[in-house]
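The data block below is target_7.cif; it holds mmCIF, C-alpha atoms and all ligand atoms.
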data_structure
#
loop_
_atom_site.label_atom_id
_atom_site.label_comp_id
_atom_site.auth_asym_id
_atom_site.auth_seq_id
_atom_site.Cartn_x
_atom_site.Cartn_y
_atom_site.Cartn_z
CA MET A 1024 37.33 -10.80 6.92
CA SER A 1025 33.54 -10.85 6.96
CA TYR A 1026 31.34 -8.63 9.04
CA GLY A 1027 27.88 -9.22 10.46
CA ARG A 1028 26.65 -11.03 13.48
CA TYR A 1029 27.77 -14.46 14.62
CA LYS A 1030 25.52 -16.92 12.79
CA LYS A 1031 26.58 -20.50 13.51
CA ASN A 1032 23.57 -22.37 14.89
CA HIS A 1033 21.61 -19.19 14.55
CA PRO A 1034 17.90 -19.97 14.37
CA TRP A 1035 17.12 -22.03 11.30
CA LEU A 1036 13.44 -21.98 11.49
CA TYR A 1037 11.50 -25.08 10.55
CA HIS A 1038 8.18 -24.24 8.99
CA LYS A 1039 5.79 -26.33 6.97
CA LYS A 1040 2.44 -25.52 5.42
CA PRO A 1041 -0.47 -27.60 6.65
CA PRO A 1042 -1.24 -30.60 4.41
CA LEU A 1043 -4.24 -30.44 2.07
CA LEU A 1044 -6.22 -32.74 4.35
CA TRP A 1045 -5.44 -30.82 7.55
CA TRP A 1046 -9.12 -30.82 8.49
CA VAL A 1047 -9.82 -34.57 8.65
CA LYS A 1048 -8.23 -35.08 12.07
CA LYS A 1049 -10.77 -33.18 14.12
CA TRP A 1050 -14.56 -33.14 14.05
CA ALA A 1051 -14.72 -29.39 14.63
CA TYR A 1052 -12.67 -28.84 11.47
CA VAL A 1053 -14.70 -31.38 9.49
CA ARG A 1054 -17.87 -29.59 10.58
CA PHE A 1055 -16.40 -26.29 9.42
CA ILE A 1056 -15.47 -27.70 6.00
CA LEU A 1057 -18.97 -29.20 5.70
CA ARG A 1058 -20.52 -25.87 6.57
CA GLU A 1059 -18.49 -24.21 3.83
CA LEU A 1060 -19.20 -27.00 1.37
CA THR A 1061 -22.93 -27.05 2.02
CA SER A 1062 -23.17 -23.49 0.70
CA LEU A 1063 -23.25 -25.29 -2.68
CA GLY A 1064 -26.80 -26.28 -1.72
CA VAL A 1065 -27.68 -22.61 -1.35
CA ALA A 1066 -26.13 -21.90 -4.75
CA PHE A 1067 -28.16 -24.75 -6.26
CA TYR A 1068 -31.44 -23.23 -5.03
CA VAL A 1069 -30.46 -19.83 -6.37
CA VAL A 1070 -29.78 -21.31 -9.82
CA VAL A 1071 -33.09 -23.21 -9.75
CA LEU A 1072 -34.96 -20.05 -8.77
CA LEU A 1073 -33.32 -17.97 -11.51
CA THR A 1074 -34.03 -20.68 -14.09
CA TYR A 1075 -37.63 -20.74 -12.89
CA VAL A 1076 -38.04 -16.98 -13.30
CA ASN A 1077 -36.42 -17.19 -16.71
CA ALA A 1078 -38.74 -20.04 -17.80
CA VAL A 1079 -41.82 -18.11 -16.68
CA SER A 1080 -40.73 -15.09 -18.69
CA GLN A 1081 -40.18 -17.26 -21.79
CA GLY A 1082 -43.81 -18.33 -21.95
CA PRO A 1083 -45.87 -21.47 -21.21
CA GLU A 1084 -43.82 -23.85 -23.37
CA ALA A 1085 -40.53 -23.10 -21.71
CA PHE A 1086 -42.27 -23.31 -18.36
CA ALA A 1087 -43.63 -26.77 -19.19
CA VAL A 1088 -40.16 -28.01 -20.11
CA PHE A 1089 -38.83 -26.63 -16.86
CA SER A 1090 -41.56 -28.16 -14.70
CA ASP A 1091 -41.06 -31.51 -16.41
CA TRP A 1092 -37.39 -31.34 -15.49
CA LEU A 1093 -38.34 -30.46 -11.93
CA LYS A 1094 -40.26 -33.74 -11.70
CA SER A 1095 -37.42 -35.86 -13.10
CA PRO A 1096 -35.61 -38.27 -10.76
CA LEU A 1097 -32.38 -36.31 -11.27
CA SER A 1098 -34.02 -33.11 -10.11
CA LEU A 1099 -35.71 -34.82 -7.17
CA GLY A 1100 -32.42 -36.38 -6.12
CA LEU A 1101 -30.57 -33.07 -6.39
CA HIS A 1102 -33.29 -31.33 -4.42
CA GLY A 1103 -33.05 -33.95 -1.70
CA ILE A 1104 -29.29 -33.46 -1.39
CA ALA A 1105 -29.55 -29.68 -1.60
CA PHE A 1106 -32.21 -29.67 1.11
CA ILE A 1107 -29.97 -31.59 3.53
CA PHE A 1108 -27.08 -29.28 2.63
CA VAL A 1109 -29.10 -26.13 3.24
CA LEU A 1110 -30.51 -27.47 6.48
CA PHE A 1111 -27.01 -28.24 7.78
CA HIS A 1112 -25.79 -24.86 6.56
CA SER A 1113 -28.61 -22.93 8.21
CA ILE A 1114 -28.54 -24.74 11.51
CA THR A 1115 -24.78 -24.46 11.96
CA TRP A 1116 -24.91 -20.75 11.14
CA PHE A 1117 -27.94 -20.13 13.33
CA ASN A 1118 -26.18 -21.74 16.26
CA LEU A 1119 -23.27 -19.35 15.79
CA ALA A 1120 -25.43 -16.24 15.69
CA PRO A 1121 -25.35 -15.40 19.43
CA LYS A 1122 -21.58 -15.00 19.25
CA ALA A 1123 -21.79 -12.33 16.60
CA MET A 1124 -24.81 -10.47 17.94
CA VAL A 1125 -24.47 -8.37 21.02
CA VAL A 1126 -27.89 -6.98 21.77
CA HIS A 1127 -28.49 -4.70 24.72
CA LEU A 1128 -31.78 -4.11 26.39
CA GLY A 1129 -31.24 -1.03 28.48
CA LYS A 1130 -28.05 -1.80 30.39
CA LYS A 1131 -28.38 -5.58 30.24
CA ARG A 1132 -26.94 -7.77 27.53
CA ILE A 1133 -29.47 -10.25 26.15
CA PRO A 1134 -28.20 -13.79 26.75
CA GLY A 1135 -27.24 -15.91 23.73
CA ARG A 1136 -29.99 -18.43 24.38
CA ILE A 1137 -32.69 -15.80 23.91
CA ILE A 1138 -31.08 -14.62 20.66
CA LEU A 1139 -31.08 -18.21 19.44
CA ILE A 1140 -34.73 -18.69 20.32
CA MET A 1141 -35.63 -15.42 18.62
CA ASN A 1142 -33.78 -16.40 15.45
CA TYR A 1143 -35.31 -19.85 15.29
CA SER A 1144 -38.82 -18.50 15.91
CA MET A 1145 -38.33 -15.99 13.12
CA TRP A 1146 -37.22 -18.79 10.83
CA PHE A 1147 -40.27 -20.81 11.80
CA VAL A 1148 -42.68 -17.91 11.23
CA VAL A 1149 -41.24 -17.12 7.80
CA THR A 1150 -41.34 -20.78 6.79
CA ALA A 1151 -44.93 -21.14 8.00
CA GLY A 1152 -45.82 -17.98 6.09
CA PHE A 1153 -44.42 -19.41 2.86
CA PHE A 1154 -46.14 -22.72 3.50
CA TRP A 1155 -49.45 -20.94 3.91
CA LEU A 1156 -48.80 -18.91 0.75
CA LEU A 1157 -48.02 -22.02 -1.28
CA THR A 1158 -50.88 -24.17 -0.06
CA THR A 1159 -53.74 -21.67 0.06
CA VAL A 1160 -53.08 -19.04 -2.60
CA MET B 908 13.37 -36.23 44.54
CA ASN B 909 10.99 -38.58 46.18
CA HIS B 910 8.99 -40.88 43.93
CA ALA B 911 7.65 -43.00 46.75
CA ASN B 912 4.07 -42.54 45.64
CA THR B 913 4.88 -43.31 42.02
CA THR B 914 3.21 -46.49 40.95
CA THR B 915 3.23 -46.20 37.19
CA THR B 916 4.87 -44.28 34.41
CA ILE B 917 3.73 -42.57 31.26
CA ASP B 918 5.53 -42.07 27.95
CA LEU B 919 6.02 -38.68 26.34
CA GLU B 920 6.81 -38.58 22.64
CA VAL B 921 8.60 -35.29 22.40
CA TYR B 922 9.22 -33.36 19.21
CA ARG B 923 12.91 -32.62 18.72
CA TYR B 924 14.40 -30.18 16.29
CA ARG B 925 18.05 -29.30 16.64
CA PRO B 926 18.93 -27.26 13.56
CA GLU B 927 22.66 -27.93 13.94
CA LEU B 928 22.00 -31.70 13.89
CA GLU B 929 18.96 -32.34 11.73
CA THR B 930 17.02 -30.74 8.92
CA GLU B 931 13.76 -32.56 9.71
CA PRO B 932 12.25 -32.82 13.18
CA THR B 933 12.24 -36.19 14.97
CA PHE B 934 10.57 -37.61 18.07
CA ASP B 935 12.21 -38.84 21.29
CA THR B 936 10.29 -41.01 23.70
CA PHE B 937 10.83 -40.37 27.40
CA THR B 938 9.33 -42.37 30.26
CA VAL B 939 8.38 -40.29 33.28
CA PRO B 940 6.64 -41.05 36.58
CA LEU B 941 2.89 -40.69 36.32
CA ARG B 942 2.09 -38.65 39.41
CA SER B 943 -1.41 -37.44 39.94
CA ASP B 944 -0.28 -33.91 40.82
CA TRP B 945 2.00 -33.50 37.80
CA VAL B 946 1.17 -31.48 34.73
CA ILE B 947 2.89 -31.95 31.36
CA LEU B 948 5.28 -29.13 32.22
CA ASP B 949 6.40 -31.07 35.33
CA ALA B 950 7.16 -34.03 33.10
CA LEU B 951 9.22 -31.83 30.75
CA ASN B 952 11.14 -30.38 33.69
CA TYR B 953 11.74 -33.91 34.96
CA ILE B 954 13.09 -34.94 31.55
CA LYS B 955 15.36 -31.91 31.45
CA ASP B 956 16.70 -32.50 34.97
CA GLU B 957 16.95 -36.29 34.97
CA ILE B 958 17.12 -37.61 31.40
CA ASP B 959 18.13 -35.13 28.71
CA GLY B 960 19.31 -31.66 29.64
CA THR B 961 19.30 -30.50 26.02
CA LEU B 962 15.52 -30.46 25.72
CA SER B 963 14.43 -26.88 25.06
CA TYR B 964 11.06 -25.29 25.82
CA ARG B 965 9.57 -22.13 27.30
CA TRP B 966 7.88 -21.72 30.63
CA SER B 967 7.76 -19.35 33.55
CA CYS B 968 4.85 -18.87 35.94
CA GLN B 969 3.56 -22.46 36.18
CA MET B 970 0.13 -21.10 36.95
CA GLY B 971 -1.54 -20.21 33.67
CA VAL B 972 -0.71 -16.53 33.79
CA CYS B 973 2.38 -15.84 31.71
CA GLY B 974 1.24 -17.61 28.56
CA SER B 975 4.68 -18.97 27.66
CA CYS B 976 4.22 -22.74 28.04
CA GLY B 977 1.77 -23.36 25.19
CA MET B 978 2.40 -26.55 23.19
CA MET B 979 0.48 -29.21 21.32
CA ALA B 980 -0.49 -32.29 23.33
CA ASN B 981 -1.89 -35.05 21.15
CA GLY B 982 -2.62 -32.45 18.52
CA GLU B 983 -4.47 -29.98 20.79
CA PRO B 984 -3.01 -26.62 21.72
CA ILE B 985 -2.82 -26.41 25.53
CA LEU B 986 -0.97 -24.71 28.36
CA THR B 987 1.36 -27.46 29.58
CA CYS B 988 1.30 -26.01 33.10
CA ALA B 989 -2.46 -26.50 33.24
CA SER B 990 -2.77 -29.98 31.71
CA PHE B 991 -2.49 -32.91 34.09
CA LEU B 992 -0.64 -36.04 33.02
CA LYS B 993 -3.33 -38.25 34.49
CA ASN B 994 -5.87 -36.93 32.01
CA TYR B 995 -3.76 -38.46 29.26
CA ALA B 996 -3.16 -41.84 30.96
CA PRO B 997 -2.22 -44.43 29.93
CA GLY B 998 -0.51 -42.36 27.25
CA PRO B 999 1.62 -41.91 25.30
CA ILE B 1000 1.39 -38.12 25.09
CA ARG B 1001 2.69 -36.58 21.92
CA VAL B 1002 4.17 -33.20 22.77
CA GLU B 1003 4.87 -30.83 19.90
CA PRO B 1004 5.57 -27.13 19.50
CA LEU B 1005 2.57 -24.89 18.82
CA ALA B 1006 1.22 -25.58 15.35
CA ASN B 1007 1.29 -23.00 12.55
CA PHE B 1008 4.45 -21.28 13.85
CA PRO B 1009 8.03 -21.70 12.66
CA VAL B 1010 10.01 -23.87 15.08
CA ALA B 1011 13.32 -22.53 16.35
CA ARG B 1012 14.36 -25.50 18.49
CA ASP B 1013 12.55 -28.48 20.02
CA LEU B 1014 9.35 -27.10 21.57
CA ILE B 1015 10.23 -23.45 21.04
CA ILE B 1016 8.49 -21.53 18.29
CA SER B 1017 9.35 -18.17 16.85
CA MET B 1018 6.75 -15.63 17.94
CA ASP B 1019 8.09 -12.69 15.92
CA ASP B 1020 5.08 -12.77 13.64
CA PHE B 1021 2.61 -12.53 16.51
CA MET B 1022 4.53 -9.73 18.20
CA GLU B 1023 4.53 -7.72 15.00
CA LYS B 1024 0.79 -8.19 14.54
CA LEU B 1025 0.05 -7.35 18.13
CA ASN B 1026 1.86 -4.09 17.69
CA ARG B 1027 0.10 -3.37 14.40
CA ILE B 1028 -3.36 -3.17 15.94
CA LYS B 1029 -2.24 -0.44 18.38
CA PRO B 1030 -3.03 -2.23 21.64
CA TRP B 1031 -3.10 0.84 23.81
CA ILE B 1032 -5.61 3.53 24.68
CA ILE B 1033 -5.63 6.25 22.06
CA VAL B 1034 -7.01 9.55 23.28
CA GLU B 1035 -7.83 12.46 21.01
CA GLU B 1036 -6.66 15.05 23.43
CA GLU B 1037 -4.91 14.46 26.71
CA LYS B 1038 -6.78 15.99 29.63
CA PRO B 1039 -4.77 18.31 31.82
CA LEU B 1040 -3.57 16.50 34.92
CA GLU B 1041 -5.72 18.62 37.25
CA GLU B 1042 -8.88 17.18 35.72
CA GLY B 1043 -8.05 13.83 37.21
CA GLU B 1044 -8.41 10.26 35.99
CA TYR B 1045 -10.36 8.97 33.02
CA LEU B 1046 -13.26 7.42 34.88
CA GLN B 1047 -15.25 4.40 33.83
CA THR B 1048 -18.43 2.80 35.16
CA PRO B 1049 -18.61 -0.93 35.93
CA GLU B 1050 -20.90 -1.35 32.91
CA GLN B 1051 -18.34 0.31 30.65
CA LEU B 1052 -15.69 -2.01 32.06
CA ASP B 1053 -17.86 -5.06 31.35
CA GLU B 1054 -18.05 -4.15 27.66
CA TYR B 1055 -14.44 -5.11 27.04
CA LYS B 1056 -13.28 -6.95 30.17
CA GLN B 1057 -13.53 -10.42 28.68
CA PHE B 1058 -11.29 -9.45 25.76
CA SER B 1059 -8.71 -7.95 28.10
CA MET B 1060 -8.03 -11.29 29.80
CA CYS B 1061 -5.72 -12.48 26.99
CA ILE B 1062 -2.34 -13.77 28.17
CA ASN B 1063 -0.79 -13.86 24.67
CA CYS B 1064 -0.29 -17.60 24.81
CA MET B 1065 -0.98 -18.00 21.07
CA LEU B 1066 -2.98 -21.21 21.49
CA CYS B 1067 -5.69 -19.62 19.36
CA TYR B 1068 -3.25 -19.15 16.47
CA SER B 1069 -2.41 -22.83 16.63
CA ALA B 1070 -6.08 -23.75 16.50
CA CYS B 1071 -6.80 -21.44 13.58
CA PRO B 1072 -6.60 -23.18 10.18
CA ILE B 1073 -6.92 -19.83 8.42
CA TYR B 1074 -3.72 -18.63 10.08
CA GLY B 1075 -2.08 -21.94 9.14
CA MET B 1076 -2.91 -21.45 5.49
CA GLU B 1077 -2.62 -17.66 5.32
CA PRO B 1078 0.08 -16.59 7.77
CA SER B 1079 -0.55 -12.96 6.83
CA PHE B 1080 -3.92 -13.13 8.64
CA ILE B 1081 -3.74 -10.86 11.70
CA GLY B 1082 -5.29 -13.68 13.70
CA PRO B 1083 -7.57 -14.24 16.70
CA ALA B 1084 -5.75 -12.79 19.72
CA ALA B 1085 -4.59 -9.60 18.02
CA LEU B 1086 -8.08 -8.99 16.64
CA ALA B 1087 -9.68 -9.67 20.02
CA LEU B 1088 -7.27 -7.21 21.60
CA ALA B 1089 -8.08 -4.60 18.98
CA GLN B 1090 -11.70 -5.05 19.97
CA ARG B 1091 -10.72 -4.79 23.63
CA TYR B 1092 -9.47 -1.24 23.01
CA ASN B 1093 -12.23 -0.32 20.58
CA LEU B 1094 -14.85 -1.13 23.21
CA ASP B 1095 -13.06 0.81 25.92
CA SER B 1096 -14.99 3.98 26.69
CA ARG B 1097 -11.73 5.91 27.18
CA ASP B 1098 -10.39 5.01 23.74
CA HIS B 1099 -10.80 6.99 20.50
CA GLY B 1100 -8.70 4.81 18.22
CA ASN B 1101 -11.55 3.04 16.47
CA GLN B 1102 -10.98 4.63 13.08
CA GLN B 1103 -7.21 4.14 13.18
CA ARG B 1104 -7.68 0.46 13.98
CA LEU B 1105 -10.42 0.00 11.41
CA ASP B 1106 -7.96 1.02 8.70
CA ILE B 1107 -5.81 -1.93 9.76
CA LEU B 1108 -8.51 -4.44 10.64
CA SER B 1109 -10.55 -3.99 7.48
CA THR B 1110 -7.62 -4.79 5.17
CA ASP B 1111 -7.33 -8.17 3.43
CA ASP B 1112 -5.39 -9.55 6.37
CA GLY B 1113 -7.99 -8.41 8.89
CA ILE B 1114 -11.41 -9.50 10.08
CA TRP B 1115 -12.76 -10.58 6.69
CA GLN B 1116 -10.19 -13.37 6.43
CA CYS B 1117 -11.93 -15.04 9.33
CA THR B 1118 -14.51 -17.63 8.23
CA PHE B 1119 -15.65 -18.33 11.78
CA VAL B 1120 -14.20 -21.77 12.37
CA GLY B 1121 -14.53 -20.95 16.05
CA GLU B 1122 -11.76 -23.20 17.37
CA CYS B 1123 -9.75 -20.24 18.71
CA SER B 1124 -12.45 -19.68 21.31
CA GLU B 1125 -12.59 -23.38 22.15
CA VAL B 1126 -8.90 -23.64 23.03
CA CYS B 1127 -8.51 -20.28 24.77
CA PRO B 1128 -7.56 -20.89 28.41
CA GLU B 1129 -8.86 -17.48 29.47
CA ASN B 1130 -12.29 -17.59 27.78
CA VAL B 1131 -11.41 -14.54 25.75
CA ASP B 1132 -13.62 -15.71 22.87
CA PRO B 1133 -11.66 -14.20 19.99
CA ALA B 1134 -14.11 -15.68 17.47
CA GLY B 1135 -16.93 -13.75 19.10
CA ALA B 1136 -14.85 -10.57 19.13
CA ILE B 1137 -14.13 -10.85 15.41
CA GLN B 1138 -17.76 -11.52 14.42
CA GLN B 1139 -18.96 -8.64 16.59
CA TYR B 1140 -16.39 -6.45 14.94
CA LYS B 1141 -17.64 -7.51 11.51
CA VAL B 1142 -21.20 -6.56 12.47
CA ALA B 1143 -20.10 -3.24 13.97
CA SER B 1144 -17.94 -2.21 11.02
CA THR B 1145 -20.69 -3.16 8.56
CA ASN B 1146 -23.16 -1.04 10.52
CA ASP B 1147 -20.71 1.85 10.56
CA TRP B 1148 -20.23 1.53 6.83
CA TRP B 1149 -23.98 1.73 6.19
CA LYS B 1150 -24.31 4.63 8.56
CA SER B 1151 -21.52 6.52 6.83
CA LYS B 1152 -23.22 5.94 3.46
CA LEU B 1153 -26.75 6.75 4.56
CA MET B 1154 -25.97 9.49 7.05
CA PRO B 1155 -22.69 11.06 5.95
CA TRP B 1156 -23.38 14.03 8.18
CA GLY B 1157 -23.17 11.79 11.25
CA ASN B 1158 -19.38 11.66 10.93
CA LYS B 1159 -18.98 9.28 13.85
CA LYS B 1160 -15.53 8.55 15.11
S1 LIG A 1201 -7.04 -15.08 22.98
FE1 LIG A 1201 -6.88 -16.80 24.45
S2 LIG A 1201 -5.80 -18.41 23.29
FE2 LIG A 1201 -5.47 -16.50 22.18
S3 LIG A 1201 -3.52 -15.68 22.96
FE3 LIG A 1201 -5.17 -14.74 24.18
S4 LIG A 1201 -5.40 -16.08 25.98
FE4 LIG A 1201 -4.23 -17.25 24.45
S1 LIG A 1202 4.09 -21.46 32.62
FE1 LIG A 1202 3.03 -19.55 32.60
S2 LIG A 1202 1.18 -20.08 31.59
FE2 LIG A 1202 2.14 -22.01 31.79
#
Please render this file's structure as structure tokens.
Ligand code: SF4
Ligand code: FES
Amino acid sequence: MSYGRYKKNHPWLYHKKPPLLWWVKKWAYVRFILRELTSLGVAFYVVVLLTYVNAVSQGPEAFAVFSDWLKSPLSLGLHGIAFIFVLFHSITWFNLAPKAMVVHLGKKRIPGRIILIMNYSMWFVVTAGFFWLLTTV
Amino acid sequence: MNHANTTTTIDLEVYRYRPELETEPTFDTFTVPLRSDWVILDALNYIKDEIDGTLSYRWSCQMGVCGSCGMMANGEPILTCASFLKNYAPGPIRVEPLANFPVARDLIISMDDFMEKLNRIKPWIIVEEEKPLEEGEYLQTPEQLDEYKQFSMCINCMLCYSACPIYGMEPSFIGPAALALAQRYNLDSRDHGNQQRLDILSTDDGIWQCTFVGECSEVCPENVDPAGAIQQYKVASTNDWWKSKLMPWGNKK
């Protein structure tokens, strides 16, 4: 005689993990994967910047080698791709910002549109500042 | 039943899983009248009454309030009582149980996991010290109500869990609705449970699992915006962390 609860046809749950390519069926998911993937562009710029700083600290010869590489077609191509990546990455994240930021002015909550405009203007000002720095100094 | 105004029909490809009969789910195609005032749930009820009484699914209110009729229609999580057949014409409509959950039978999923998580985030008002009854109610201004009202509209339909790929891949993730509800109580001026909830929400299964796909908010029938709630919570808990490091004497609850 066995004890325990009656089990015949008791729930046998059917559960499957999503397939590896779960994200291809919907644009929103593809966009998400792209946003994650394009962070590689950010990583690329970080590596370039660190290499640059390193080359400067190694003296003029090392710096010359590095700037020659910068002008090579490979580097130009990579920069082109990385730029598109970073642009996509930044814009998709910027557009999400109003959801994360709840800013109050007195009792009123600042609408998302204003937060977006503020973020984009800040981006523009910083970029213009760098542009000025690079072209005039 | 009077189908006088029925001119055409539409096919429903319905997911079947009968554990006593099959180990893998299959699909049955049913042809139902395409009436302009019918939602998918009407079609399922028609199938159950007129074609196959063994079809199993959940429903109750038929008016988008109880949150029990959520299913996938052509791959999108929806409330079947709020989705008109005519929007899917000429069909067919593929009806499946909510994605990312274990299926118990046909269109019925097991919601044990969600119920456990819901409970874990302490979805009730935690007060430090109960006021004596004579002091009256815990009052709140309309502005204080507005802070959390949106997050309190959740009907526990779990559509957001079906839309969340993170939950699909990491079922231990607390998930959108439970996190939004945690935020609903955190933002309530009468509540003092912030710290208790933070201990749960800042674990590996909590807010930091979320990579902001944002689809939970897209599919939510009540505009709860769980994605927003989670990101806001990330910002708030980061700020609190910095405050506690820089101003330890503040000792904010
Ligand atoms: S947050 Fe929205 S989608 Fe998720 S359970 Fe609540 S009502 Fe449903
Ligand atoms: S039956 Fe209640 S929400 Fe659809």
Take every atom of ligand LIG 1201 (chain A) listed in the file, pad by 5 Å on each side, and give me the axis-aligned box centre and edge lengths in Å, one decimal, as lines of an AutoDock Vina configuration file.
center_x = -5.3
center_y = -16.6
center_z = 24.1
size_x = 13.5
size_y = 13.7
size_z = 13.8
Please report, as JSON lines, each residue of chain B lying at most 7 Å from chain A, together with the nearest pair of atoms and the separation in Å rounded to one decimal; use only C-alpha atoms, and order rows by chain and ascending residue number.
{"residue": "B:Pro926", "atom": "CA", "partner": "A:Trp1035", "partner_atom": "CA", "distance": 6.0}
{"residue": "B:Glu927", "atom": "CA", "partner": "A:Asn1032", "partner_atom": "CA", "distance": 5.7}
{"residue": "B:Phe1008", "atom": "CA", "partner": "A:His1038", "partner_atom": "CA", "distance": 6.8}
{"residue": "B:Pro1009", "atom": "CA", "partner": "A:His1038", "partner_atom": "CA", "distance": 4.5}
{"residue": "B:Val1010", "atom": "CA", "partner": "A:Tyr1037", "partner_atom": "CA", "distance": 4.9}
{"residue": "B:Ala1011", "atom": "CA", "partner": "A:Leu1036", "partner_atom": "CA", "distance": 4.9}
{"residue": "B:Gly1075", "atom": "CA", "partner": "A:Pro1041", "partner_atom": "CA", "distance": 6.4}
{"residue": "B:Met1076", "atom": "CA", "partner": "A:Pro1041", "partner_atom": "CA", "distance": 6.7}
{"residue": "B:Val1120", "atom": "CA", "partner": "A:Phe1055", "partner_atom": "CA", "distance": 5.8}
{"residue": "B:Gly1135", "atom": "CA", "partner": "A:Lys1122", "partner_atom": "CA", "distance": 4.8}
{"residue": "B:Gln1138", "atom": "CA", "partner": "A:Ala1123", "partner_atom": "CA", "distance": 4.7}
{"residue": "B:Gln1139", "atom": "CA", "partner": "A:Ala1123", "partner_atom": "CA", "distance": 4.7}
Write out, as CSV, each residue of chain B that has an atom at most 6 Å from ligand LIG 1201 (chain A), together with the closest pair of atoms and their distance in Å to one decimal, counting all atoms listed in the file, rows going by chain and rising number.
residue,atom,partner,partner_atom,distance
B:Cys1061,CA,A:LIG1201,FE3,3.6
B:Ile1062,CA,A:LIG1201,S4,4.4
B:Asn1063,CA,A:LIG1201,S3,3.7
B:Cys1064,CA,A:LIG1201,FE4,4.0
B:Met1065,CA,A:LIG1201,S3,3.9
B:Leu1066,CA,A:LIG1201,S2,4.4
B:Cys1067,CA,A:LIG1201,S2,4.1
B:Ala1084,CA,A:LIG1201,S1,4.2
B:Cys1127,CA,A:LIG1201,S2,3.6
B:Pro1128,CA,A:LIG1201,FE1,5.7
B:Glu1129,CA,A:LIG1201,S4,5.1
B:Val1131,CA,A:LIG1201,S1,5.2
B:Pro1133,CA,A:LIG1201,S1,5.6
Please report, as JSON lines, each residue of chain B lying at most 9 Å from ligand LIG 1202 (chain A), together with the nearest pair of atoms and the separation in Å rounded to one decimal; use all atoms listed in the file, and order rows by chain and ascending residue number.
{"residue": "B:Leu948", "atom": "CA", "partner": "A:LIG1202", "partner_atom": "S1", "distance": 7.8}
{"residue": "B:Arg965", "atom": "CA", "partner": "A:LIG1202", "partner_atom": "S1", "distance": 7.7}
{"residue": "B:Trp966", "atom": "CA", "partner": "A:LIG1202", "partner_atom": "S1", "distance": 4.3}
{"residue": "B:Ser967", "atom": "CA", "partner": "A:LIG1202", "partner_atom": "S1", "distance": 4.3}
{"residue": "B:Cys968", "atom": "CA", "partner": "A:LIG1202", "partner_atom": "FE1", "distance": 3.9}
{"residue": "B:Gln969", "atom": "CA", "partner": "A:LIG1202", "partner_atom": "S1", "distance": 3.7}
{"residue": "B:Met970", "atom": "CA", "partner": "A:LIG1202", "partner_atom": "FE1", "distance": 5.5}
{"residue": "B:Gly971", "atom": "CA", "partner": "A:LIG1202", "partner_atom": "S2", "distance": 3.4}
{"residue": "B:Val972", "atom": "CA", "partner": "A:LIG1202", "partner_atom": "S2", "distance": 4.6}
{"residue": "B:Cys973", "atom": "CA", "partner": "A:LIG1202", "partner_atom": "FE1", "distance": 3.9}
{"residue": "B:Gly974", "atom": "CA", "partner": "A:LIG1202", "partner_atom": "S2", "distance": 3.9}
{"residue": "B:Ser975", "atom": "CA", "partner": "A:LIG1202", "partner_atom": "FE1", "distance": 5.2}
{"residue": "B:Cys976", "atom": "CA", "partner": "A:LIG1202", "partner_atom": "FE2", "distance": 4.3}
{"residue": "B:Gly977", "atom": "CA", "partner": "A:LIG1202", "partner_atom": "FE2", "distance": 6.7}
{"residue": "B:Leu986", "atom": "CA", "partner": "A:LIG1202", "partner_atom": "FE2", "distance": 5.4}
{"residue": "B:Thr987", "atom": "CA", "partner": "A:LIG1202", "partner_atom": "FE2", "distance": 5.9}
{"residue": "B:Cys988", "atom": "CA", "partner": "A:LIG1202", "partner_atom": "FE2", "distance": 4.3}
{"residue": "B:Ala989", "atom": "CA", "partner": "A:LIG1202", "partner_atom": "FE2", "distance": 6.6}
{"residue": "B:Ile1062", "atom": "CA", "partner": "A:LIG1202", "partner_atom": "S2", "distance": 8.0}
{"residue": "B:Cys1064", "atom": "CA", "partner": "A:LIG1202", "partner_atom": "S2", "distance": 7.4}
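Comparing the minimum interatomic distances between Leu992 (chain B) and each of B:Ser1144, B:Asn1026, B:Ser943, B:Asn1130, counting all atoms listed in the file, we find that B:Ser943 sits nearest.
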